[in-house]
file query-v2.pdb (PDB, C-alpha atoms)
MODEL        1
ATOM      1  CA  MET A   1       0.000   0.000   0.000
ATOM      2  CA  THR A   2       1.411   3.365  -0.980
ATOM      3  CA  ASN A   3       1.795   6.150   1.551
ATOM      4  CA  GLN A   4      -0.697   8.290  -0.376
ATOM      5  CA  LEU A   5      -3.366   5.562  -0.333
ATOM      6  CA  SER A   6      -2.722   4.969   3.359
ATOM      7  CA  ARG A   7      -3.236   8.668   4.098
ATOM      8  CA  ILE A   8      -6.504   8.695   2.133
ATOM      9  CA  ILE A   9      -7.853   5.694   4.036
ATOM     10  CA  THR A  10      -6.852   7.295   7.338
ATOM     11  CA  ILE A  11      -8.649  10.535   6.439
ATOM     12  CA  VAL A  12     -11.822   8.642   5.442
ATOM     13  CA  VAL A  13     -11.812   6.667   8.702
ATOM     14  CA  ILE A  14     -11.359   9.867  10.737
ATOM     15  CA  CYS A  15     -14.221  11.576   8.891
ATOM     16  CA  LEU A  16     -16.556   8.617   9.363
ATOM     17  CA  THR A  17     -15.628   8.330  13.042
ATOM     18  CA  SER A  18     -16.157  12.065  13.603
ATOM     19  CA  SER A  19     -19.562  11.936  11.919
ATOM     20  CA  PHE A  20     -20.582   8.977  14.065
ATOM     21  CA  VAL A  21     -19.476  10.622  17.284
ATOM     22  CA  SER A  22     -21.198  13.916  16.514
ATOM     23  CA  ALA A  23     -24.426  12.065  15.717
ATOM     24  CA  GLN A  24     -24.598  10.525  19.183
ATOM     25  CA  ASN A  25     -27.083  12.161  21.529
ATOM     26  CA  LYS A  26     -26.872  11.543  25.226
ATOM     27  CA  SER A  27     -29.973  10.385  27.081
ATOM     28  CA  ILE A  28     -30.042  11.463  30.726
ATOM     29  CA  PRO A  29     -32.439   9.955  33.301
ATOM     30  CA  LEU A  30     -34.570  12.543  35.081
ATOM     31  CA  TYR A  31     -34.300  10.882  38.457
ATOM     32  CA  GLN A  32     -31.558   9.160  40.375
ATOM     33  CA  GLY A  33     -32.714   6.262  42.520
ATOM     34  CA  LYS A  34     -36.415   5.756  43.178
ATOM     35  CA  ILE A  35     -38.680   7.448  40.640
ATOM     36  CA  PRO A  36     -41.453   9.463  42.341
ATOM     37  CA  ASN A  37     -45.103   8.661  41.620
ATOM     38  CA  SER A  38     -44.164   5.168  40.475
ATOM     39  CA  THR A  39     -45.092   1.759  41.840
ATOM     40  CA  GLY A  40     -41.772   0.369  40.647
ATOM     41  CA  ALA A  41     -43.484  -2.696  39.177
ATOM     42  CA  PRO A  42     -41.526  -4.443  36.391
ATOM     43  CA  GLU A  43     -42.963  -3.055  33.167
ATOM     44  CA  GLU A  44     -41.292  -2.501  29.799
ATOM     45  CA  GLU A  45     -41.340   0.574  27.592
ATOM     46  CA  ILE A  46     -43.052  -0.013  24.234
ATOM     47  CA  ARG A  47     -41.569   1.254  20.966
ATOM     48  CA  GLU A  48     -43.321   1.027  17.613
ATOM     49  CA  ASN A  49     -41.770   2.400  14.436
ATOM     50  CA  ASN A  50     -44.119   2.569  11.466
ATOM     51  CA  ASP A  51     -42.988   5.780   9.714
ATOM     52  CA  ILE A  52     -43.200   7.554  13.100
ATOM     53  CA  LEU A  53     -41.476   6.318  16.255
ATOM     54  CA  LEU A  54     -44.186   5.949  18.892
ATOM     55  CA  ILE A  55     -43.094   5.380  22.496
ATOM     56  CA  SER A  56     -45.565   4.350  25.183
ATOM     57  CA  ASN A  57     -45.641   2.761  28.647
ATOM     58  CA  ILE A  58     -42.633   4.873  29.623
ATOM     59  CA  GLN A  59     -41.095   3.748  32.904
ATOM     60  CA  LYS A  60     -37.884   5.751  33.105
ATOM     61  CA  PRO A  61     -38.386   9.393  32.092
ATOM     62  CA  ALA A  62     -35.362  10.980  30.449
ATOM     63  CA  LEU A  63     -33.982  13.919  28.494
ATOM     64  CA  GLU A  64     -32.236  13.333  25.179
ATOM     65  CA  VAL A  65     -29.691  16.090  24.557
ATOM     66  CA  PHE A  66     -29.053  17.615  21.126
ATOM     67  CA  THR A  67     -26.230  20.149  20.996
ATOM     68  CA  PRO A  68     -25.220  22.267  18.003
ATOM     69  CA  PRO A  69     -21.532  22.637  17.155
ATOM     70  CA  LYS A  70     -19.863  24.685  19.872
ATOM     71  CA  ARG A  71     -18.905  27.479  17.472
ATOM     72  CA  ASN A  72     -22.594  27.972  16.565
ATOM     73  CA  ARG A  73     -24.199  27.847  20.008
ATOM     74  CA  ASN A  74     -26.067  30.998  20.980
ATOM     75  CA  GLY A  75     -26.849  30.101  24.596
ATOM     76  CA  LYS A  76     -30.559  29.454  24.051
ATOM     77  CA  ALA A  77     -32.169  26.111  24.935
ATOM     78  CA  VAL A  78     -35.561  24.477  24.372
ATOM     79  CA  ILE A  79     -37.114  21.434  26.034
ATOM     80  CA  ILE A  80     -39.456  19.664  23.589
ATOM     81  CA  CYS A  81     -42.556  17.698  24.656
ATOM     82  CA  PRO A  82     -43.790  15.430  21.832
ATOM     83  CA  GLY A  83     -47.527  14.898  21.480
ATOM     84  CA  GLY A  84     -49.615  11.746  21.423
ATOM     85  CA  GLY A  85     -52.805  12.374  23.374
ATOM     86  CA  TYR A  86     -51.146  11.412  26.685
ATOM     87  CA  HIS A  87     -51.247   7.832  25.309
ATOM     88  CA  TYR A  88     -47.872   7.743  23.515
ATOM     89  CA  LEU A  89     -45.125  10.091  22.314
ATOM     90  CA  ALA A  90     -44.588  10.821  18.610
ATOM     91  CA  TYR A  91     -40.944  10.851  19.547
ATOM     92  CA  ASP A  92     -39.164  11.590  16.279
ATOM     93  CA  TRP A  93     -41.925  13.452  14.390
ATOM     94  CA  GLU A  94     -42.522  15.964  17.189
ATOM     95  CA  GLY A  95     -39.288  15.482  19.087
ATOM     96  CA  THR A  96     -35.919  14.569  17.636
ATOM     97  CA  GLU A  97     -36.617  16.054  14.188
ATOM     98  CA  ILE A  98     -37.565  19.336  15.828
ATOM     99  CA  ALA A  99     -34.434  19.194  18.006
ATOM    100  CA  LYS A 100     -32.249  18.892  14.907
ATOM    101  CA  TRP A 101     -33.936  21.944  13.391
ATOM    102  CA  PHE A 102     -33.161  23.924  16.561
ATOM    103  CA  ASN A 103     -29.532  22.773  16.355
ATOM    104  CA  SER A 104     -29.346  24.201  12.829
ATOM    105  CA  LYS A 105     -30.144  27.590  14.410
ATOM    106  CA  GLY A 106     -27.502  27.276  17.145
ATOM    107  CA  ILE A 107     -30.049  26.353  19.817
ATOM    108  CA  THR A 108     -29.473  23.469  22.231
ATOM    109  CA  ALA A 109     -32.495  21.164  22.390
ATOM    110  CA  PHE A 110     -33.708  18.512  24.813
ATOM    111  CA  VAL A 111     -36.415  15.982  23.954
ATOM    112  CA  LEU A 112     -38.418  15.064  27.038
ATOM    113  CA  LYS A 113     -39.485  11.439  27.318
ATOM    114  CA  TYR A 114     -42.147  11.997  29.952
ATOM    115  CA  ARG A 115     -44.325   9.422  31.645
ATOM    116  CA  LEU A 116     -47.908   9.009  30.516
ATOM    117  CA  PRO A 117     -50.843   8.977  32.942
ATOM    118  CA  ILE A 118     -52.359   5.823  31.422
ATOM    119  CA  ALA A 119     -49.384   3.679  32.475
ATOM    120  CA  LYS A 120     -50.292   1.117  35.147
ATOM    121  CA  THR A 121     -47.132   1.889  37.114
ATOM    122  CA  VAL A 122     -47.763   5.597  37.736
ATOM    123  CA  THR A 123     -49.531   7.004  40.772
ATOM    124  CA  ASN A 124     -51.062  10.498  41.102
ATOM    125  CA  LYS A 125     -51.728  10.173  37.395
ATOM    126  CA  SER A 126     -52.735  13.753  36.584
ATOM    127  CA  GLU A 127     -49.557  15.067  38.233
ATOM    128  CA  VAL A 128     -47.017  12.755  36.625
ATOM    129  CA  PRO A 129     -46.380  14.487  33.252
ATOM    130  CA  LEU A 130     -46.049  17.894  34.935
ATOM    131  CA  SER A 131     -43.738  16.558  37.634
ATOM    132  CA  ASP A 132     -41.461  15.179  34.896
ATOM    133  CA  ALA A 133     -41.505  18.516  33.032
ATOM    134  CA  ILE A 134     -40.677  20.415  36.237
ATOM    135  CA  GLN A 135     -37.794  18.055  36.940
ATOM    136  CA  ALA A 136     -36.536  18.439  33.369
ATOM    137  CA  ILE A 137     -36.325  22.228  33.328
ATOM    138  CA  LYS A 138     -34.741  22.331  36.785
ATOM    139  CA  MET A 139     -32.127  19.817  35.672
ATOM    140  CA  VAL A 140     -31.315  21.802  32.532
ATOM    141  CA  ARG A 141     -31.128  25.085  34.432
ATOM    142  CA  LYS A 142     -28.884  23.726  37.171
ATOM    143  CA  ASN A 143     -26.503  22.205  34.608
ATOM    144  CA  ALA A 144     -26.665  25.075  32.109
ATOM    145  CA  GLU A 145     -22.921  25.663  32.234
ATOM    146  CA  THR A 146     -22.282  22.065  31.174
ATOM    147  CA  TRP A 147     -24.109  22.672  27.891
ATOM    148  CA  ASN A 148     -22.943  26.276  27.447
ATOM    149  CA  ILE A 149     -26.448  27.664  27.697
ATOM    150  CA  ASN A 150     -27.902  30.702  29.446
ATOM    151  CA  PRO A 151     -29.890  29.596  32.526
ATOM    152  CA  ASN A 152     -32.228  32.535  31.894
ATOM    153  CA  ASP A 153     -32.979  31.568  28.296
ATOM    154  CA  ILE A 154     -34.571  28.128  28.557
ATOM    155  CA  GLY A 155     -37.945  27.555  26.931
ATOM    156  CA  ILE A 156     -40.542  24.792  26.791
ATOM    157  CA  MET A 157     -42.158  23.576  23.576
ATOM    158  CA  GLY A 158     -45.023  21.161  23.054
ATOM    159  CA  PHE A 159     -47.109  19.629  20.286
ATOM    160  CA  SER A 160     -50.773  18.682  20.763
ATOM    161  CA  ALA A 161     -51.017  16.981  24.201
ATOM    162  CA  GLY A 162     -47.342  17.875  24.608
ATOM    163  CA  GLY A 163     -48.561  21.447  24.130
ATOM    164  CA  HIS A 164     -50.897  20.929  27.056
ATOM    165  CA  LEU A 165     -47.954  19.730  29.136
ATOM    166  CA  ALA A 166     -45.812  22.699  28.038
ATOM    167  CA  SER A 167     -48.581  25.187  28.828
ATOM    168  CA  THR A 168     -49.188  23.439  32.156
ATOM    169  CA  LEU A 169     -45.543  23.960  33.053
ATOM    170  CA  GLY A 170     -45.809  27.608  31.987
ATOM    171  CA  THR A 171     -48.833  28.172  34.234
ATOM    172  CA  HIS A 172     -48.163  25.727  37.110
ATOM    173  CA  TYR A 173     -44.384  25.942  37.489
ATOM    174  CA  ASN A 174     -44.651  26.704  41.210
ATOM    175  CA  MET A 175     -46.368  23.426  42.065
ATOM    176  CA  ASP A 176     -44.321  21.487  44.610
ATOM    177  CA  TYR A 177     -44.343  17.696  44.498
ATOM    178  CA  ASN A 178     -42.189  17.317  47.606
ATOM    179  CA  ILE A 179     -39.631  14.997  46.056
ATOM    180  CA  LYS A 180     -37.548  13.557  48.865
ATOM    181  CA  ASN A 181     -33.953  14.841  48.894
ATOM    182  CA  ASP A 182     -34.635  16.834  45.728
ATOM    183  CA  PRO A 183     -31.272  18.218  44.476
ATOM    184  CA  TYR A 184     -33.152  20.851  42.431
ATOM    185  CA  LYS A 185     -35.456  22.113  45.191
ATOM    186  CA  ASP A 186     -34.243  25.718  45.018
ATOM    187  CA  ILE A 187     -34.073  25.905  41.194
ATOM    188  CA  SER A 188     -36.851  27.785  39.364
ATOM    189  CA  ALA A 189     -39.067  25.709  37.061
ATOM    190  CA  ARG A 190     -40.456  28.732  35.223
ATOM    191  CA  PRO A 191     -39.741  28.564  31.475
ATOM    192  CA  ASP A 192     -38.384  31.763  29.964
ATOM    193  CA  PHE A 193     -40.671  31.308  26.955
ATOM    194  CA  MET A 194     -43.261  28.868  25.606
ATOM    195  CA  ILE A 195     -43.792  27.476  22.104
ATOM    196  CA  LEU A 196     -47.181  25.793  21.669
ATOM    197  CA  ILE A 197     -47.880  23.959  18.398
ATOM    198  CA  TYR A 198     -51.515  22.910  17.767
ATOM    199  CA  PRO A 199     -51.791  22.578  21.568
ATOM    200  CA  VAL A 200     -54.459  21.071  23.728
ATOM    201  CA  ILE A 201     -55.144  23.875  26.214
ATOM    202  CA  THR A 202     -58.579  23.518  27.752
ATOM    203  CA  MET A 203     -60.089  20.581  29.604
ATOM    204  CA  GLU A 204     -63.602  21.996  29.235
ATOM    205  CA  ALA A 205     -65.805  19.642  27.253
ATOM    206  CA  THR A 206     -66.703  21.953  24.355
ATOM    207  CA  TYR A 207     -63.225  22.348  22.859
ATOM    208  CA  THR A 208     -60.951  19.869  24.598
ATOM    209  CA  HIS A 209     -59.344  16.828  23.015
ATOM    210  CA  ARG A 210     -61.335  14.143  24.782
ATOM    211  CA  GLY A 211     -58.684  11.435  24.546
ATOM    212  CA  SER A 212     -56.107  13.668  26.226
ATOM    213  CA  ARG A 213     -58.556  14.794  28.910
ATOM    214  CA  GLU A 214     -59.662  11.263  29.783
ATOM    215  CA  ALA A 215     -56.074   9.988  29.899
ATOM    216  CA  LEU A 216     -54.979  12.831  32.190
ATOM    217  CA  LEU A 217     -58.033  13.435  34.376
ATOM    218  CA  GLY A 218     -60.058  10.228  34.137
ATOM    219  CA  LYS A 219     -63.566   9.614  32.847
ATOM    220  CA  GLN A 220     -65.423  11.717  35.421
ATOM    221  CA  PRO A 221     -63.182  14.576  36.562
ATOM    222  CA  THR A 222     -64.446  17.118  39.048
ATOM    223  CA  ASP A 223     -65.098  20.702  38.024
ATOM    224  CA  GLU A 224     -62.187  21.716  40.243
ATOM    225  CA  ILE A 225     -59.617  19.578  38.436
ATOM    226  CA  ILE A 226     -61.049  20.532  35.040
ATOM    227  CA  ASP A 227     -60.475  24.192  35.906
ATOM    228  CA  LEU A 228     -57.004  23.474  37.297
ATOM    229  CA  TYR A 229     -55.824  21.886  34.054
ATOM    230  CA  SER A 230     -57.695  24.270  31.731
ATOM    231  CA  ASN A 231     -54.600  26.356  31.289
ATOM    232  CA  GLU A 232     -56.303  29.376  29.748
ATOM    233  CA  LYS A 233     -57.749  29.900  33.257
ATOM    234  CA  GLN A 234     -54.358  29.727  34.978
ATOM    235  CA  ILE A 235     -52.552  32.572  33.205
ATOM    236  CA  THR A 236     -51.118  35.418  35.257
ATOM    237  CA  LYS A 237     -48.909  38.393  34.486
ATOM    238  CA  ASN A 238     -45.934  36.108  35.248
ATOM    239  CA  THR A 239     -46.772  33.569  32.559
ATOM    240  CA  PRO A 240     -43.860  33.379  30.076
ATOM    241  CA  PRO A 241     -43.980  34.998  26.597
ATOM    242  CA  THR A 242     -45.693  32.594  24.211
ATOM    243  CA  PHE A 243     -45.656  31.608  20.532
ATOM    244  CA  LEU A 244     -48.789  29.830  19.293
ATOM    245  CA  LEU A 245     -49.384  27.961  16.033
ATOM    246  CA  HIS A 246     -52.593  26.285  14.870
ATOM    247  CA  CYS A 247     -54.491  25.418  11.688
ATOM    248  CA  GLU A 248     -58.067  26.547  11.392
ATOM    249  CA  ASP A 249     -59.141  23.222   9.881
ATOM    250  CA  ASP A 250     -57.718  21.163  12.755
ATOM    251  CA  ASP A 251     -60.411  18.541  13.413
ATOM    252  CA  VAL A 252     -58.536  16.837  16.258
ATOM    253  CA  VAL A 253     -57.691  19.745  18.568
ATOM    254  CA  PRO A 254     -59.968  22.698  17.742
ATOM    255  CA  VAL A 255     -58.262  25.992  16.991
ATOM    256  CA  GLU A 256     -60.278  27.527  19.853
ATOM    257  CA  ASN A 257     -57.677  26.038  22.217
ATOM    258  CA  SER A 258     -55.045  28.453  20.914
ATOM    259  CA  LEU A 259     -57.538  31.298  20.580
ATOM    260  CA  LYS A 260     -58.620  31.014  24.217
ATOM    261  CA  PHE A 261     -55.025  30.889  25.435
ATOM    262  CA  TYR A 262     -53.972  33.859  23.301
ATOM    263  CA  LYS A 263     -56.921  35.931  24.545
ATOM    264  CA  ALA A 264     -56.053  35.187  28.178
ATOM    265  CA  LEU A 265     -52.386  36.035  27.584
ATOM    266  CA  LYS A 266     -53.316  39.425  26.145
ATOM    267  CA  GLU A 267     -55.735  40.110  29.007
ATOM    268  CA  ASN A 268     -52.816  39.586  31.403
ATOM    269  CA  ASN A 269     -50.381  41.665  29.317
ATOM    270  CA  VAL A 270     -48.186  38.665  28.548
ATOM    271  CA  PRO A 271     -46.226  39.065  25.271
ATOM    272  CA  ALA A 272     -47.657  36.640  22.716
ATOM    273  CA  GLU A 273     -47.627  35.932  19.001
ATOM    274  CA  MET A 274     -50.083  33.624  17.259
ATOM    275  CA  HIS A 275     -50.018  32.267  13.698
ATOM    276  CA  LEU A 276     -53.121  30.664  12.209
ATOM    277  CA  TYR A 277     -52.935  28.803   8.919
ATOM    278  CA  PRO A 278     -56.187  28.126   7.019
ATOM    279  CA  LYS A 279     -55.304  24.527   6.125
ATOM    280  CA  GLY A 280     -52.940  21.897   7.417
ATOM    281  CA  GLY A 281     -54.966  19.850   9.874
ATOM    282  CA  HIS A 282     -53.303  18.349  12.912
ATOM    283  CA  GLY A 283     -50.022  16.637  13.654
ATOM    284  CA  PHE A 284     -48.016  18.063  10.752
ATOM    285  CA  GLY A 285     -44.677  18.393  12.556
ATOM    286  CA  LEU A 286     -42.233  20.356  10.414
ATOM    287  CA  ALA A 287     -44.744  20.225   7.517
ATOM    288  CA  SER A 288     -41.918  19.522   5.067
ATOM    289  CA  ASN A 289     -44.325  18.615   2.259
ATOM    290  CA  ASN A 290     -46.447  21.756   2.545
ATOM    291  CA  ALA A 291     -44.774  24.806   1.018
ATOM    292  CA  HIS A 292     -47.095  27.231   2.805
ATOM    293  CA  LEU A 293     -47.303  25.596   6.223
ATOM    294  CA  GLN A 294     -43.599  24.748   6.513
ATOM    295  CA  THR A 295     -42.868  28.469   6.834
ATOM    296  CA  TRP A 296     -43.973  28.245  10.466
ATOM    297  CA  THR A 297     -40.432  27.453  11.568
ATOM    298  CA  GLN A 298     -39.208  30.699  10.047
ATOM    299  CA  ARG A 299     -41.955  32.596  11.893
ATOM    300  CA  LEU A 300     -40.815  30.907  15.101
ATOM    301  CA  TYR A 301     -37.161  31.775  14.495
ATOM    302  CA  GLU A 302     -38.104  35.416  13.852
ATOM    303  CA  TRP A 303     -40.135  35.487  17.077
ATOM    304  CA  LEU A 304     -37.252  34.060  19.100
ATOM    305  CA  TRP A 305     -35.033  36.795  17.693
ATOM    306  CA  TYR A 306     -37.692  39.400  18.511
ATOM    307  CA  ILE A 307     -38.127  38.390  22.166
ATOM    308  CA  ASP A 308     -34.352  38.312  22.585
ATOM    309  CA  ARG A 309     -34.200  41.888  21.330
ATOM    310  CA  GLU A 310     -37.088  42.969  23.578
ATOM    311  CA  ASN A 311     -35.439  41.412  26.637
ATOM    312  CA  LYS A 312     -32.212  43.328  25.983
ATOM    313  CA  GLN A 313     -33.911  46.705  25.802
TER     314      GLN A 313
ENDMDL
END

call {"tool": "encode", "arguments": {"input": "query-v2.pdb", "output": "structure tokens"}}
result
Amino acid sequence: MTNQLSRIITIVVICLTSSFVSAQNKSIPLYQGKIPNSTGAPEEEIRENNDILLISNIQKPALEVFTPPKRNRNGKAVIICPGGGYHYLAYDWEGTEIAKWFNSKGITAFVLKYRLPIAKTVTNKSEVPLSDAIQAIKMVRKNAETWNINPNDIGIMGFSAGGHLASTLGTHYNMDYNIKNDPYKDISARPDFMILIYPVITMEATYTHRGSREALLGKQPTDEIIDLYSNEKQITKNTPPTFLLHCEDDDVVPVENSLKFYKALKENNVPAEMHLYPKGGHGFGLASNNAHLQTWTQRLYEWLWYIDRENKQ
């Protein structure tokens, strides 16, 4: 083998190895030791991959970390909650693919694999998704330096039922679940901004997504718990700035969910931007095959730039 050929092979191996290493994304468990609100019974996570990776029966909640190249990082971070009606997570469609888009903009992203209230092994079912989201943002904020992110520039994003979870975090971030020996007890769980994509917002019967409501609150919830998790009713002046996206022809989660949330945000003088598209339905993710609808990511990027500018003034 000539020296020149040997050098070429070495370069190819290095390039392939570098690509492989950079493609690896670290998954971090949310809890060390005993997982709260869990029976601990031996159950297995279920993964189905038929065009979309669907994960259900989650036993060990985790964050999957996606970091942009260090030279491109801008200090911003987003925790992504995939949707799935609180029955499963559309993990790649509304999770990892979105994280990669954020990386292309220099933003560090975390995909939250949160527990679902329908799992047999969870207790305090209506609290479990929120407790995982609270733990996630506290973990990211405490370890911000590790990922070279600004602890005061961490947002939450959610799709469909994941949008309900994200908006629940944004309106219930002060809820205390009294986790024993919690290492994040004194860390704020308030997101610095929210991104809600065709979100479930209300638990009121007229406009809710019934599958999500029943999974989270049960078949016969009280009026009190319906109000508690109807997040348009929980907005205050301290609710984080919010970006909303919905299609008017959504026949799964009515557009009124976003409209009600936007109206309540404005009534409380919370900065908000909403984009309504006439067609597109539900569950479109990045909408790569729709030339009109796929522009939503550019609208989001412009809004993130805008709120950064506003915060600096």

call {"tool": "resolve_selection", "arguments": {"input": "query-v2.pdb", "expression": "the PyMOL selection byres ((chain A and resi 205-222) around 12)", "output": "PyMOL selection string"}}
result
chain A and resi 83-88+115-120+122-130+160-165+198-204+223-232+250-260+282

call {"tool": "atom_distance", "arguments": {"input": "query-v2.pdb", "atom1": "atom CA of Thr67 of chain A", "atom2": "atom CA of Ile307 of chain A"}}
result
21.8 Å

call {"tool": "closest_residue", "arguments": {"input": "query-v2.pdb", "among": "A:Ile179, A:Tyr114, A:Gly285, A:Thr171", "to": "Lys237 of chain A", "atoms": "all atoms listed in the file"}}
result
A:Thr171

call {"tool": "residues_around", "arguments": {"input": "query-v2.pdb", "residues": "Val270 of chain A", "least_positions_apart": "3", "cutoff": "12 Å", "atoms": "all atoms listed in the file", "output": "tab-separated table (two decimals) with C-alpha atoms, in the coordinates of the input"}}
result
chain	number	residue	atom	x	y	z
A	170	GLY	CA	-45.81	27.61	31.99
A	171	THR	CA	-48.83	28.17	34.23
A	193	PHE	CA	-40.67	31.31	26.96
A	194	MET	CA	-43.26	28.87	25.61
A	235	ILE	CA	-52.55	32.57	33.20
A	236	THR	CA	-51.12	35.42	35.26
A	237	LYS	CA	-48.91	38.39	34.49
A	238	ASN	CA	-45.93	36.11	35.25
A	239	THR	CA	-46.77	33.57	32.56
A	240	PRO	CA	-43.86	33.38	30.08
A	241	PRO	CA	-43.98	35.00	26.60
A	242	THR	CA	-45.69	32.59	24.21
A	243	PHE	CA	-45.66	31.61	20.53
A	261	PHE	CA	-55.02	30.89	25.44
A	262	TYR	CA	-53.97	33.86	23.30
A	263	LYS	CA	-56.92	35.93	24.54
A	264	ALA	CA	-56.05	35.19	28.18
A	265	LEU	CA	-52.39	36.03	27.58
A	266	LYS	CA	-53.32	39.42	26.14
A	267	GLU	CA	-55.74	40.11	29.01
A	273	GLU	CA	-47.63	35.93	19.00
A	307	ILE	CA	-38.13	38.39	22.17

call {"tool": "resolve_selection", "arguments": {"input": "query-v2.pdb", "expression": "the PyMOL selection byres ((chain A and resi 274) around 7)", "output": "PDB file with C-alpha atoms, in the frame of the given file"}}
result
ATOM      1  CA  PHE A 243     -45.656  31.608  20.532  1.00  0.00           C
ATOM      2  CA  LEU A 244     -48.789  29.830  19.293  1.00  0.00           C
ATOM      3  CA  LEU A 245     -49.384  27.961  16.033  1.00  0.00           C
ATOM      4  CA  ALA A 272     -47.657  36.640  22.716  1.00  0.00           C
ATOM      5  CA  GLU A 273     -47.627  35.932  19.001  1.00  0.00           C
ATOM      6  CA  HIS A 275     -50.018  32.267  13.698  1.00  0.00           C
ATOM      7  CA  LEU A 276     -53.121  30.664  12.209  1.00  0.00           C
TER       8      LEU A 276
END

call {"tool": "residues_around", "arguments": {"input": "query-v2.pdb", "residues": "Ala189 of chain A", "least_positions_apart": "4", "cutoff": "8 Å", "atoms": "only C-alpha atoms", "output": "ChimeraX atom specification"}}
result
/A:134-135,137-138,169,173-174

call {"tool": "atom_distance", "arguments": {"input": "query-v2.pdb", "atom1": "atom CA of Met175 of chain A", "atom2": "atom CA of Asn152 of chain A"}}
result
19.7 Å

call {"tool": "resolve_selection", "arguments": {"input": "query-v2.pdb", "expression": "the PyMOL selection byres ((chain A and resi 97) around 12)", "output": "ChimeraX atom specification"}}
result
/A:52-53,66,80,82,90-96,98-104,109-111,285-288

call {"tool": "atom_distance", "arguments": {"input": "query-v2.pdb", "atom1": "atom CA of Met157 of chain A", "atom2": "atom CA of Val78 of chain A"}}
result
6.7 Å

call {"tool": "closest_residue", "arguments": {"input": "query-v2.pdb", "among": "A:Glu43, A:Ile156, A:Glu48, A:Asn57", "to": "Cys81 of chain A", "atoms": "only C-alpha atoms"}}
result
A:Ile156

call {"tool": "axis_aligned_box", "arguments": {"input": "query-v2.pdb", "around": "segment 243-248 of chain A", "padding_each_side": "3 Å", "output": "AutoDock Vina command-line options"}}
result
--center_x -51.9 --center_y 28.5 --center_z 16.0 --size_x 18.4 --size_y 12.2 --size_z 15.1
